[in-house]
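Participant: Compact mmCIF, C-alpha atoms, file start29.txt:
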# COMPACT_ATOMS: atom_id res chain seq x y z
CA MET A 136 -7.55 -16.84 28.70
CA THR A 137 -4.50 -17.56 26.54
CA LYS A 138 -3.60 -15.63 23.41
CA HIS A 139 -4.47 -18.67 21.27
CA SER A 140 -7.85 -19.20 22.90
CA ARG A 141 -8.74 -15.51 22.47
CA LEU A 142 -7.82 -15.82 18.81
CA ALA A 143 -9.95 -18.92 18.38
CA THR A 144 -12.92 -17.31 20.12
CA ALA A 145 -12.77 -14.22 17.93
CA LEU A 146 -12.78 -16.37 14.81
CA VAL A 147 -15.50 -18.83 15.78
CA ALA A 148 -18.08 -17.24 13.49
CA SER A 149 -15.85 -17.65 10.47
CA THR A 150 -14.98 -21.24 11.38
CA ALA A 151 -18.66 -22.12 11.83
CA PHE A 152 -19.25 -20.92 8.28
CA LEU A 153 -17.08 -23.72 6.96
CA ALA A 154 -19.34 -26.39 8.38
CA LEU A 155 -21.86 -25.34 5.76
CA ALA A 156 -19.36 -25.29 2.89
CA SER A 157 -19.12 -28.41 0.76
CA ALA A 158 -15.85 -30.26 1.12
CA ALA A 159 -13.39 -30.24 -1.77
CA SER A 160 -11.52 -33.47 -2.49
CA ALA A 161 -7.82 -33.63 -1.68
CA ALA A 162 -5.87 -31.48 -4.11
CA ASP A 163 -2.32 -30.57 -5.03
CA LEU A 164 -2.20 -26.79 -5.20
CA ARG A 165 0.36 -24.01 -5.72
CA MET A 166 0.50 -20.53 -4.25
CA SER A 167 2.75 -17.69 -5.40
CA TRP A 168 3.63 -14.41 -3.69
CA TRP A 169 6.36 -11.82 -3.19
CA GLY A 170 7.74 -10.40 0.03
CA GLY A 171 10.57 -10.48 2.53
CA ASP A 172 11.91 -13.30 4.68
CA SER A 173 9.40 -12.89 7.51
CA ARG A 174 6.47 -13.09 5.07
CA HIS A 175 7.99 -16.11 3.34
CA VAL A 176 8.44 -18.02 6.60
CA ALA A 177 4.96 -17.20 7.93
CA THR A 178 3.18 -18.03 4.67
CA GLN A 179 4.92 -21.37 4.22
CA GLU A 180 3.99 -22.37 7.77
CA ALA A 181 0.38 -21.25 7.30
CA LEU A 182 0.10 -23.22 4.06
CA LYS A 183 1.30 -26.38 5.82
CA VAL A 184 -1.25 -25.94 8.60
CA CYS A 185 -4.15 -24.97 6.34
CA GLY A 186 -3.29 -27.71 3.86
CA ALA A 187 -3.26 -30.31 6.63
CA LYS A 188 -6.62 -29.06 7.91
CA TYR A 189 -8.33 -29.74 4.59
CA GLY A 190 -6.21 -32.57 3.28
CA HIS A 191 -4.57 -30.53 0.51
CA THR A 192 -0.92 -29.95 -0.27
CA VAL A 193 0.14 -26.45 -1.28
CA ALA A 194 3.50 -25.85 -2.95
CA ALA A 195 5.03 -22.45 -2.18
CA GLU A 196 6.48 -20.20 -4.89
CA PHE A 197 7.91 -16.92 -3.61
CA THR A 198 10.24 -14.13 -4.68
CA GLY A 199 11.12 -10.55 -3.80
CA PHE A 200 9.05 -7.76 -5.32
CA GLN A 201 11.59 -6.86 -8.01
CA GLY A 202 10.85 -8.88 -11.12
CA HIS A 203 7.68 -10.44 -9.73
CA LEU A 204 5.38 -8.61 -12.15
CA GLU A 205 7.39 -9.82 -15.13
CA LYS A 206 7.35 -13.39 -13.85
CA LEU A 207 3.61 -13.35 -13.16
CA THR A 208 2.92 -11.78 -16.55
CA ALA A 209 4.75 -14.62 -18.31
CA GLN A 210 2.94 -17.25 -16.25
CA ILE A 211 -0.51 -15.81 -16.87
CA ALA A 212 0.21 -15.44 -20.59
CA GLY A 213 1.07 -19.14 -20.67
CA GLY A 214 -1.71 -20.25 -18.32
CA THR A 215 0.84 -21.63 -15.84
CA GLU A 216 0.19 -19.37 -12.85
CA ALA A 217 -0.32 -20.86 -9.38
CA ASP A 218 -3.78 -21.80 -8.11
CA ILE A 219 -3.63 -18.99 -5.52
CA VAL A 220 -1.87 -15.83 -6.64
CA GLN A 221 -0.88 -12.76 -4.62
CA VAL A 222 -1.59 -9.85 -6.96
CA ASN A 223 -0.66 -6.23 -6.50
CA TRP A 224 -3.98 -4.35 -6.65
CA PRO A 225 -3.02 -2.06 -9.58
CA TRP A 226 -2.12 -5.12 -11.64
CA LEU A 227 -5.72 -6.37 -11.78
CA PRO A 228 -6.65 -4.37 -14.90
CA LEU A 229 -3.46 -5.59 -16.59
CA PHE A 230 -4.43 -9.22 -16.15
CA SER A 231 -8.22 -8.99 -16.16
CA LYS A 232 -9.42 -6.08 -18.28
CA LYS A 233 -12.93 -7.52 -18.64
CA GLY A 234 -13.03 -9.39 -15.33
CA ASP A 235 -12.34 -12.79 -16.83
CA GLY A 236 -8.64 -13.03 -16.07
CA PHE A 237 -9.16 -14.80 -12.73
CA ALA A 238 -11.79 -17.05 -11.18
CA ASP A 239 -14.86 -15.28 -9.77
CA ILE A 240 -14.41 -15.97 -6.06
CA SER A 241 -18.01 -15.00 -5.32
CA GLN A 242 -19.09 -18.13 -7.20
CA LEU A 243 -16.86 -20.53 -5.25
CA LYS A 244 -17.92 -22.50 -2.19
CA GLY A 245 -15.63 -22.50 0.82
CA PHE A 246 -14.82 -18.79 1.13
CA ASP A 247 -16.62 -16.58 3.66
CA LEU A 248 -17.23 -13.24 1.95
CA SER A 249 -19.30 -11.98 4.88
CA GLN A 250 -16.06 -11.09 6.69
CA PHE A 251 -15.36 -8.31 4.16
CA ASP A 252 -17.00 -4.93 3.70
CA PRO A 253 -18.83 -4.77 0.33
CA ALA A 254 -16.88 -1.63 -0.62
CA GLN A 255 -13.62 -3.50 -0.07
CA LEU A 256 -14.77 -6.35 -2.28
CA GLN A 257 -15.94 -3.88 -4.91
CA SER A 258 -12.39 -2.56 -5.21
CA ALA A 259 -11.37 -5.96 -6.62
CA THR A 260 -14.50 -6.51 -8.70
CA ILE A 261 -14.31 -6.06 -12.48
CA ASP A 262 -17.47 -6.25 -14.60
CA GLY A 263 -19.32 -7.85 -11.70
CA LYS A 264 -16.74 -10.59 -11.11
CA LEU A 265 -14.78 -10.79 -7.85
CA ASN A 266 -11.24 -11.16 -9.17
CA GLY A 267 -9.54 -11.17 -5.77
CA VAL A 268 -9.98 -10.69 -2.04
CA PRO A 269 -8.31 -7.62 -0.50
CA VAL A 270 -5.80 -8.89 2.04
CA SER A 271 -5.35 -5.56 3.82
CA THR A 272 -6.17 -1.90 3.31
CA THR A 273 -3.20 0.41 3.41
CA GLY A 274 -2.58 4.11 3.03
CA ARG A 275 0.02 6.80 3.33
CA VAL A 276 0.53 8.51 6.67
CA PHE A 277 2.95 11.18 7.82
CA LEU A 278 5.57 9.95 10.28
CA PHE A 279 7.48 12.45 12.43
CA ASN A 280 10.40 11.99 14.82
CA LYS A 281 8.98 13.78 17.86
CA ASP A 282 12.31 13.82 19.70
CA VAL A 283 13.90 15.90 16.94
CA PHE A 284 11.00 18.36 16.83
CA ASP A 285 11.18 18.62 20.63
CA LYS A 286 14.90 19.31 20.37
CA ALA A 287 14.14 22.15 17.95
CA GLY A 288 11.48 23.46 20.35
CA LEU A 289 8.67 22.82 17.87
CA PRO A 290 5.32 21.03 18.00
CA LEU A 291 4.63 18.53 15.24
CA PRO A 292 3.34 20.34 12.13
CA LYS A 293 -0.29 20.06 11.08
CA THR A 294 -0.08 22.06 7.84
CA TRP A 295 2.38 22.39 5.01
CA ASP A 296 2.96 26.03 5.93
CA GLU A 297 4.03 24.96 9.42
CA LEU A 298 6.40 22.33 8.01
CA ILE A 299 8.02 24.88 5.70
CA ALA A 300 8.44 27.32 8.59
CA ASP A 301 9.95 24.51 10.70
CA ALA A 302 12.70 23.98 8.12
CA LYS A 303 14.24 27.36 8.93
CA VAL A 304 14.16 26.65 12.67
CA PHE A 305 15.76 23.22 12.14
CA LYS A 306 18.72 24.77 10.38
CA GLU A 307 19.08 27.57 12.91
CA LYS A 308 18.86 25.40 16.02
CA LEU A 309 20.05 21.96 14.90
CA GLY A 310 22.30 22.52 11.90
CA PRO A 311 22.27 23.07 8.13
CA ASP A 312 22.01 19.34 7.40
CA TYR A 313 18.77 18.85 9.36
CA TYR A 314 15.48 18.51 7.49
CA PRO A 315 11.95 18.14 8.88
CA PHE A 316 10.87 15.96 5.94
CA GLU A 317 12.02 13.74 3.05
CA ALA A 318 10.47 13.29 -0.38
CA ILE A 319 12.29 11.81 -3.35
CA ILE A 320 11.30 9.38 -6.10
CA LEU A 321 7.97 7.71 -5.10
CA ASN A 322 7.41 10.07 -2.17
CA ALA A 323 7.99 13.08 -4.42
CA LEU A 324 5.38 11.76 -6.85
CA LEU A 325 2.88 11.12 -4.09
CA ILE A 326 3.42 14.54 -2.52
CA VAL A 327 2.71 16.20 -5.88
CA GLN A 328 -0.40 14.04 -6.22
CA LEU A 329 -1.46 14.77 -2.63
CA VAL A 330 -1.26 18.55 -2.82
CA THR A 331 -2.85 18.62 -6.28
CA GLU A 332 -5.79 16.61 -4.95
CA GLN A 333 -5.98 18.84 -1.88
CA ALA A 334 -6.11 21.95 -4.09
CA THR A 335 -8.61 20.59 -6.62
CA GLY A 336 -10.63 18.01 -4.69
CA LYS A 337 -10.24 15.77 -7.75
CA SER A 338 -8.65 12.36 -8.03
CA MET A 339 -5.85 11.92 -10.56
CA VAL A 340 -7.71 9.55 -12.93
CA ASP A 341 -11.33 9.43 -14.03
CA PRO A 342 -11.80 5.64 -14.40
CA GLU A 343 -15.06 6.01 -16.33
CA LYS A 344 -13.74 8.35 -19.03
CA MET A 345 -10.16 7.02 -18.70
CA VAL A 346 -8.62 10.49 -18.70
CA ILE A 347 -6.63 12.60 -16.25
CA ASN A 348 -8.90 14.78 -14.11
CA TRP A 349 -6.40 17.62 -13.66
CA THR A 350 -5.61 20.48 -16.00
CA PRO A 351 -1.97 21.27 -16.84
CA GLU A 352 -2.28 24.42 -14.72
CA GLU A 353 -3.46 22.43 -11.69
CA LEU A 354 -0.64 19.93 -12.04
CA ARG A 355 1.91 22.71 -12.60
CA LYS A 356 1.01 24.17 -9.21
CA GLY A 357 1.50 20.76 -7.59
CA ILE A 358 4.95 20.41 -9.16
CA GLU A 359 5.89 23.93 -8.10
CA PHE A 360 4.83 23.07 -4.56
CA TYR A 361 7.39 20.26 -4.57
CA GLN A 362 10.02 22.66 -5.92
CA ASN A 363 9.23 25.05 -3.07
CA LEU A 364 9.80 22.31 -0.49
CA VAL A 365 13.32 21.95 -1.89
CA ALA A 366 13.93 25.70 -2.14
CA THR A 367 12.90 26.31 1.49
CA GLY A 368 15.03 23.47 2.84
CA ALA A 369 12.04 21.42 3.99
CA ILE A 370 13.38 18.44 2.01
CA ARG A 371 16.70 17.49 0.48
CA PRO A 372 17.18 18.10 -3.26
CA TRP A 373 16.56 14.99 -5.36
CA LYS A 374 20.15 14.97 -6.67
CA VAL A 375 21.59 15.05 -3.11
CA ALA A 376 19.46 12.15 -1.90
CA ALA A 377 20.02 10.20 -5.13
CA GLY A 378 23.76 10.52 -4.56
CA GLU A 379 23.47 7.98 -1.74
CA GLY A 380 22.43 5.30 -4.21
CA LYS A 381 19.42 3.01 -4.08
CA VAL A 382 19.13 3.03 -0.30
CA GLU A 383 15.78 3.09 1.48
CA LEU A 384 15.21 6.00 3.86
CA PHE A 385 15.00 3.70 6.90
CA GLU A 386 18.47 2.39 6.01
CA MET A 387 20.05 5.85 5.94
CA LYS A 388 22.23 7.12 8.78
CA ALA A 389 20.62 10.56 8.47
CA TRP A 390 17.27 8.98 9.35
CA ALA A 391 18.63 6.99 12.28
CA ASP A 392 20.45 10.08 13.60
CA GLY A 393 17.34 12.26 13.34
CA LYS A 394 18.76 14.57 10.70
CA ILE A 395 15.70 13.74 8.61
CA ALA A 396 12.70 13.99 10.92
CA GLY A 397 9.69 13.11 8.81
CA SER A 398 8.39 11.14 5.87
CA TYR A 399 5.23 10.01 4.06
CA GLU A 400 4.98 6.21 4.18
CA TRP A 401 2.59 3.26 4.10
CA ASP A 402 0.99 2.72 7.50
CA SER A 403 1.96 -0.96 7.35
CA THR A 404 5.68 -0.05 7.19
CA TYR A 405 5.73 1.90 10.47
CA SER A 406 8.08 -0.53 12.22
CA LYS A 407 10.62 -0.33 9.38
CA TYR A 408 11.03 3.36 10.07
CA ALA A 409 10.70 3.23 13.86
CA ASP A 410 13.19 0.42 14.53
CA PRO A 411 16.35 2.27 13.37
CA LEU A 412 15.57 5.25 15.64
CA LYS A 413 16.62 3.31 18.75
CA GLY A 414 14.25 4.81 21.28
CA GLN A 415 13.39 8.06 19.52
CA LYS A 416 9.63 8.45 19.27
CA LEU A 417 8.16 8.16 15.78
CA VAL A 418 4.60 9.51 15.66
CA PRO A 419 1.97 8.78 12.94
CA ALA A 420 0.13 11.94 11.93
CA GLU A 421 -2.82 12.95 9.79
CA PRO A 422 -2.09 14.44 6.35
CA LEU A 423 -0.56 17.90 6.28
CA VAL A 424 -2.89 20.19 4.36
CA ILE A 425 -2.42 23.25 2.19
CA ALA A 426 -4.39 26.44 2.79
CA ASP A 427 -7.99 26.17 1.53
CA ALA A 428 -7.65 22.42 0.92
CA LYS A 429 -10.80 20.88 -0.53
CA THR A 430 -9.89 17.43 0.83
CA PRO A 431 -7.19 15.91 3.07
CA GLY A 432 -6.32 13.85 0.00
CA LEU A 433 -5.42 10.68 1.88
CA TYR A 434 -4.06 7.92 -0.36
CA ARG A 435 -5.86 4.69 0.59
CA LYS A 436 -6.11 1.43 -1.34
CA PRO A 437 -6.09 -2.37 -1.02
CA SER A 438 -2.47 -3.29 -0.41
CA MET A 439 -2.80 -6.48 -2.44
CA VAL A 440 -5.34 -9.16 -3.25
CA PHE A 441 -5.34 -12.94 -3.24
CA SER A 442 -6.77 -14.24 -6.51
CA ILE A 443 -7.60 -17.74 -7.69
CA SER A 444 -6.43 -18.79 -11.14
CA LYS A 445 -9.09 -19.35 -13.77
CA HIS A 446 -6.91 -22.26 -14.90
CA SER A 447 -6.99 -23.98 -11.49
CA LYS A 448 -8.20 -27.58 -11.66
CA ASN A 449 -9.37 -27.34 -8.03
CA PRO A 450 -10.72 -23.80 -7.49
CA GLU A 451 -12.90 -24.73 -4.52
CA ALA A 452 -9.96 -26.40 -2.77
CA ALA A 453 -8.03 -23.19 -3.41
CA ALA A 454 -10.95 -21.23 -1.91
CA GLN A 455 -10.76 -23.37 1.24
CA ILE A 456 -7.06 -22.63 1.64
CA LEU A 457 -7.68 -18.95 0.99
CA ASN A 458 -10.39 -18.85 3.63
CA CYS A 459 -8.07 -20.54 6.11
CA LEU A 460 -5.34 -17.98 5.47
CA LEU A 461 -7.58 -14.93 5.77
CA ASN A 462 -10.50 -15.87 8.04
CA GLU A 463 -9.68 -18.90 10.17
CA PRO A 464 -7.65 -19.13 13.39
CA GLU A 465 -5.09 -21.55 11.99
CA GLY A 466 -3.98 -19.24 9.20
CA VAL A 467 -4.59 -15.89 10.87
CA SER A 468 -2.58 -16.76 13.99
CA ILE A 469 0.46 -17.54 11.82
CA LEU A 470 0.27 -14.82 9.17
CA LYS A 471 -0.61 -12.10 11.72
CA LEU A 472 0.51 -8.73 10.27
CA SER A 473 2.88 -10.09 7.62
CA ARG A 474 0.76 -8.40 4.95
CA GLY A 475 -0.49 -5.48 6.99
CA ILE A 476 -3.52 -5.14 9.22
CA PRO A 477 -6.09 -7.60 7.82
CA THR A 478 -9.20 -6.48 5.98
CA SER A 479 -11.12 -9.53 7.21
CA LYS A 480 -13.33 -8.60 10.15
CA ALA A 481 -12.72 -11.95 11.85
CA ALA A 482 -8.96 -11.66 11.48
CA TYR A 483 -8.90 -8.03 12.63
CA GLU A 484 -10.92 -8.72 15.77
CA ALA A 485 -8.88 -11.80 16.58
CA LEU A 486 -5.52 -10.07 16.22
CA LYS A 487 -6.77 -7.07 18.16
CA ALA A 488 -7.93 -9.35 20.97
CA SER A 489 -4.61 -11.21 20.99
CA GLY A 490 -2.65 -7.95 21.25
CA ASP A 491 -1.05 -8.13 17.80
CA ILE A 492 -2.79 -4.96 16.61
CA LYS A 493 -1.73 -2.25 19.01
CA GLY A 494 0.38 0.85 19.49
CA PRO A 495 1.55 3.18 16.72
CA VAL A 496 0.85 0.62 13.96
CA ALA A 497 -2.79 0.57 15.00
CA GLU A 498 -2.79 4.38 15.30
CA ALA A 499 -1.40 4.73 11.78
CA ASN A 500 -4.01 2.36 10.38
CA ALA A 501 -6.78 4.21 12.23
CA ILE A 502 -5.70 7.45 10.51
CA VAL A 503 -5.81 5.71 7.15
CA MET A 504 -9.27 4.27 7.72
CA ALA A 505 -10.77 7.47 9.17
CA THR A 506 -9.40 10.12 6.79
CA ASP A 507 -11.08 11.07 3.51
CA GLY A 508 -9.54 11.49 0.11
CA PRO A 509 -10.47 11.14 -3.58
CA ALA A 510 -10.78 7.51 -4.63
CA VAL A 511 -7.53 5.96 -5.79
CA THR A 512 -7.82 3.82 -8.91
CA PRO A 513 -5.53 1.00 -10.08
CA PHE A 514 -4.65 3.23 -13.04
CA ASP A 515 -2.90 5.68 -10.69
CA GLU A 516 -0.30 2.95 -10.17
CA ASP A 517 -0.12 1.57 -13.68
CA PRO A 518 3.63 0.98 -14.23
CA ARG A 519 3.64 3.10 -17.39
CA VAL A 520 1.83 5.97 -15.68
CA ARG A 521 4.30 5.82 -12.77
CA ASP A 522 7.30 5.70 -15.12
CA VAL A 523 6.17 8.90 -16.85
CA PHE A 524 5.54 10.57 -13.49
CA GLN A 525 8.94 9.65 -12.08
CA SER A 526 11.09 10.36 -15.11
CA THR A 527 9.45 13.71 -15.81
CA LEU A 528 9.51 14.86 -12.20
CA GLU A 529 13.16 13.83 -11.97
CA SER A 530 13.86 16.03 -15.01
CA VAL A 531 12.19 18.90 -13.15
CA ALA A 532 14.32 18.20 -10.07
CA TYR A 533 17.47 18.33 -12.21
CA GLU A 534 16.26 21.58 -13.82
CA GLN A 535 16.09 20.02 -17.28
CA ILE A 536 12.44 21.01 -17.84
CA SER A 537 10.09 23.59 -16.35
CA ALA A 538 7.14 22.73 -14.16
CA ALA A 539 4.75 24.11 -16.80
CA ASP A 540 6.24 22.04 -19.61
CA ALA A 541 6.42 18.96 -17.36
CA ALA A 542 2.72 19.23 -16.49
CA VAL A 543 1.71 19.36 -20.16
CA GLU A 544 4.04 16.48 -21.03
CA MET A 545 2.81 14.29 -18.17
CA ILE A 546 -0.88 14.78 -18.88
CA ASP A 547 -0.45 14.20 -22.62
CA GLN A 548 1.47 10.96 -22.04
CA TRP A 549 -0.87 9.77 -19.29
CA ASN A 550 -3.97 10.32 -21.43
CA ASP A 551 -2.31 8.43 -24.26
CA ILE A 552 -1.57 5.50 -21.92
CA LEU A 553 -5.09 5.51 -20.47
CA SER A 554 -6.65 5.55 -23.93
CA ARG A 555 -4.93 2.26 -24.65
CA LEU A 556 -5.91 0.46 -21.44
Could you express the structure from this file as structure tokens?

Facilitator:
Amino acid sequence: MTKHSRLATALVASTAFLALASAASAADLRMSWWGGDSRHVATQEALKVCGAKYGHTVAAEFTGFQGHLEKLTAQIAGGTEADIVQVNWPWLPLFSKKGDGFADISQLKGFDLSQFDPAQLQSATIDGKLNGVPVSTTGRVFLFNKDVFDKAGLPLPKTWDELIADAKVFKEKLGPDYYPFEAIILNALLIVQLVTEQATGKSMVDPEKMVINWTPEELRKGIEFYQNLVATGAIRPWKVAAGEGKVELFEMKAWADGKIAGSYEWDSTYSKYADPLKGQKLVPAEPLVIADAKTPGLYRKPSMVFSISKHSKNPEAAAQILNCLLNEPEGVSILKLSRGIPTSKAAYEALKASGDIKGPVAEANAIVMATDGPAVTPFDEDPRVRDVFQSTLESVAYEQISAADAAVEMIDQWNDILSRL
């Protein structure tokens, strides 16, 4: 059986669904998204194929991630957004506070919701209205360069205490510029959040009361944990790493050379970090835990959603295209893993059968799906919340403010932001 025939067989249930859906008349549609070149190429091709299948034309509008939120905000404010919109999951409350910012996909014919777990759909539901369909579920996993740990004569760490102890061995056996881990900027924030959740068992935000769940004392301990990683040589100081400029870790020579042997990254980005290692083995691992952790604290969320504009003149035609992209063989076989491992059951089974979901990428995703953690809310990633987190933690890293004062300042500012959302 060929790869294409296996794909078609795995998706037959979803395709059969469409025979029952009422046909939408030919429509001129638009779709907008962000991404890199490979995503742009795949999506444009899929839109041509899916458009031809249903007799629609779909104009492509794409950019990089930087500036996309601002552009989409202006379009939605003016009612000029595309018919199908790729939306970052934490942006949903910004654009649809009461659930009426996008079309309710559950009320549209032509889209097969049975391919999605109800809990996944609930993550994009606001006030009972399905504002988007989760394209993929992603989460943070630990990635370790096994070759470097082997060279140091160490097994891969399973706890934070082991990682901290490994830092001393790295410097003794490999050199003073070797580190078992890396955590600056976003990773530093997420490590503080991770260990604070492990210690407390509480998520960062209470979405019902719209307040921060942690006390200043609990957050202070999380910040001090990060400071200890720096002090013990487990990670590079923020100011040292920042001195290299705005360069991603996978682009750094220190990463390619194995001088940095671990990180905390999205499961869907595994290949970005593995490719520069040129044969060195990069291993996905379950979350490192602190002593007496109440939860592994895994950070898991919808990576993004596809929404349909409430201003669309042809929402059911848009639903047909959306179904083709996410559930049907024509779209799935082209998009593949360009937006991560699909949430759609039909797409997942098809890509697994065709051999596209395999190896370490599949292992990383399995860790994400199997590991527990407090529920992440879109408010954790509100741009204003993140800005406060980053700027204040950076001040701590540069010794401009104490961990205790930073914790009070963060929580006060976060609660103020949440009270206005």

Participant: Which residue out of A:Gly199, A:Cys185, A:Leu354, A:Lys281 has the minimum interatomic distance to A:Ser173 when only C-alpha atoms are used?

Facilitator: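 Of the candidates, the smallest distance to A:Ser173 is held by A:Gly199.
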
Participant: Would you kindly return, as an MDAnalysis selection string, each protein, DNA or RNA residue with an atom no farther than 9 Å from any atom of A:Asn223, considering all atoms listed in the file and excluding same-chain residues fewer than 5 positions away?

Facilitator: chainID A and resid 204 437:441

Participant: Nearest to A:Ala161 among A:Gln210, A:Tyr533, A:Gln455, A:Pro269, with distances taken over all atoms listed in the file: which residue is it?

Facilitator: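 With all atoms listed in the file as the atom set, the closest residue is A:Gln455.
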
Participant: Out of A:Val327, A:Ile358, A:Ile299, A:Ile320, which residue has the shortest atom-to-atom distance to A:Ala539 when counting all atoms listed in the file?

Facilitator: A:Ile358

Participant: Please determine the residues with any atom at most 10 Å from (-6.3, -8.1, 8.0) (coordinates as given in the file, with all atoms listed in the file counting) and report them as a PyMOL selection string.

Facilitator: chain A and resi 251+269-272+461-462+467+470-486+492

Participant: Using all atoms listed in the file, can you tell me which of A:Thr208, A:Gln415, A:Ser398, A:Ser167 comes closest to A:Val220?

Facilitator: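 Of A:Thr208, A:Gln415, A:Ser398, A:Ser167, the one nearest A:Val220, counting all atoms listed in the file, is A:Ser167.
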
Participant: Env of A:Leu417: 6 Å cut, atoms = only C-alpha atoms, seq-sep filter 5 positions within chain, self excluded. Answer as a PyMOL selection string.

Facilitator: chain A and resi 279-280+409

Participant: Counting only C-alpha atoms, which residues have an atom no more than 7 Å from (10.0, 5.9, 1.1) in the file's coordinates? Please list them as an MDAnalysis selection string.

Facilitator: chainID A and resid 321:322 383:384 399:400

Participant: Which polymer residues have any atom within 8 Å of an atom of A:Phe385, counting all atoms listed in the file, with same-chain residues fewer than 2 positions away left out, as a list in words?

Facilitator: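 Near A:Phe385, the qualifying residues are Glu383, Met387, Trp390, Ala391, Lys407, Tyr408 and Pro411 of chain A.
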
Participant: So, with all atoms listed in the file as the atoms that count, which of A:Ile502, A:Asp517, A:Asn458, A:Glu216 lies closest to A:Ser249?

Facilitator: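 Smallest separation from A:Ser249 among the options: A:Asn458.
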
Participant: Go through A:Lys416, A:Ala532, A:Gly274, A:Pro292 one by one, measure the shortest atom-to-atom distance of each to A:Val375 using all atoms listed in the file, and give the residue with the smallest value.

Facilitator: A:Ala532

Participant: Find the residues around A:Glu196 up to 12 Å (only C-alpha atoms counted), leave out those fewer than 4 positions away in its own chain, and share them as a VMD selection string.

Facilitator: chain A and resid 164 to 170 175 to 176 178 to 179 182 203 206 to 207 216 to 221

Participant: Let's have the selection written as a PDB file, keeping the file's coordinate frame, with C-alpha atoms.

Facilitator:
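For reference, selection33.pdb as written:
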ATOM      1  CA  LEU A 164      -2.200 -26.790  -5.200  1.00  0.00           C
ATOM      2  CA  ARG A 165       0.360 -24.010  -5.720  1.00  0.00           C
ATOM      3  CA  MET A 166       0.500 -20.530  -4.250  1.00  0.00           C
ATOM      4  CA  SER A 167       2.750 -17.690  -5.400  1.00  0.00           C
ATOM      5  CA  TRP A 168       3.630 -14.410  -3.690  1.00  0.00           C
ATOM      6  CA  TRP A 169       6.360 -11.820  -3.190  1.00  0.00           C
ATOM      7  CA  GLY A 170       7.740 -10.400   0.030  1.00  0.00           C
ATOM      8  CA  HIS A 175       7.990 -16.110   3.340  1.00  0.00           C
ATOM      9  CA  VAL A 176       8.440 -18.020   6.600  1.00  0.00           C
ATOM     10  CA  THR A 178       3.180 -18.030   4.670  1.00  0.00           C
ATOM     11  CA  GLN A 179       4.920 -21.370   4.220  1.00  0.00           C
ATOM     12  CA  LEU A 182       0.100 -23.220   4.060  1.00  0.00           C
ATOM     13  CA  HIS A 203       7.680 -10.440  -9.730  1.00  0.00           C
ATOM     14  CA  LYS A 206       7.350 -13.390 -13.850  1.00  0.00           C
ATOM     15  CA  LEU A 207       3.610 -13.350 -13.160  1.00  0.00           C
ATOM     16  CA  GLU A 216       0.190 -19.370 -12.850  1.00  0.00           C
ATOM     17  CA  ALA A 217      -0.320 -20.860  -9.380  1.00  0.00           C
ATOM     18  CA  ASP A 218      -3.780 -21.800  -8.110  1.00  0.00           C
ATOM     19  CA  ILE A 219      -3.630 -18.990  -5.520  1.00  0.00           C
ATOM     20  CA  VAL A 220      -1.870 -15.830  -6.640  1.00  0.00           C
ATOM     21  CA  GLN A 221      -0.880 -12.760  -4.620  1.00  0.00           C
TER      22      GLN A 221
END

Participant: Just how far from atom CA of A:Leu265 is atom CA of A:Phe197, in Å to one decimal?

Facilitator: 23.9 Å
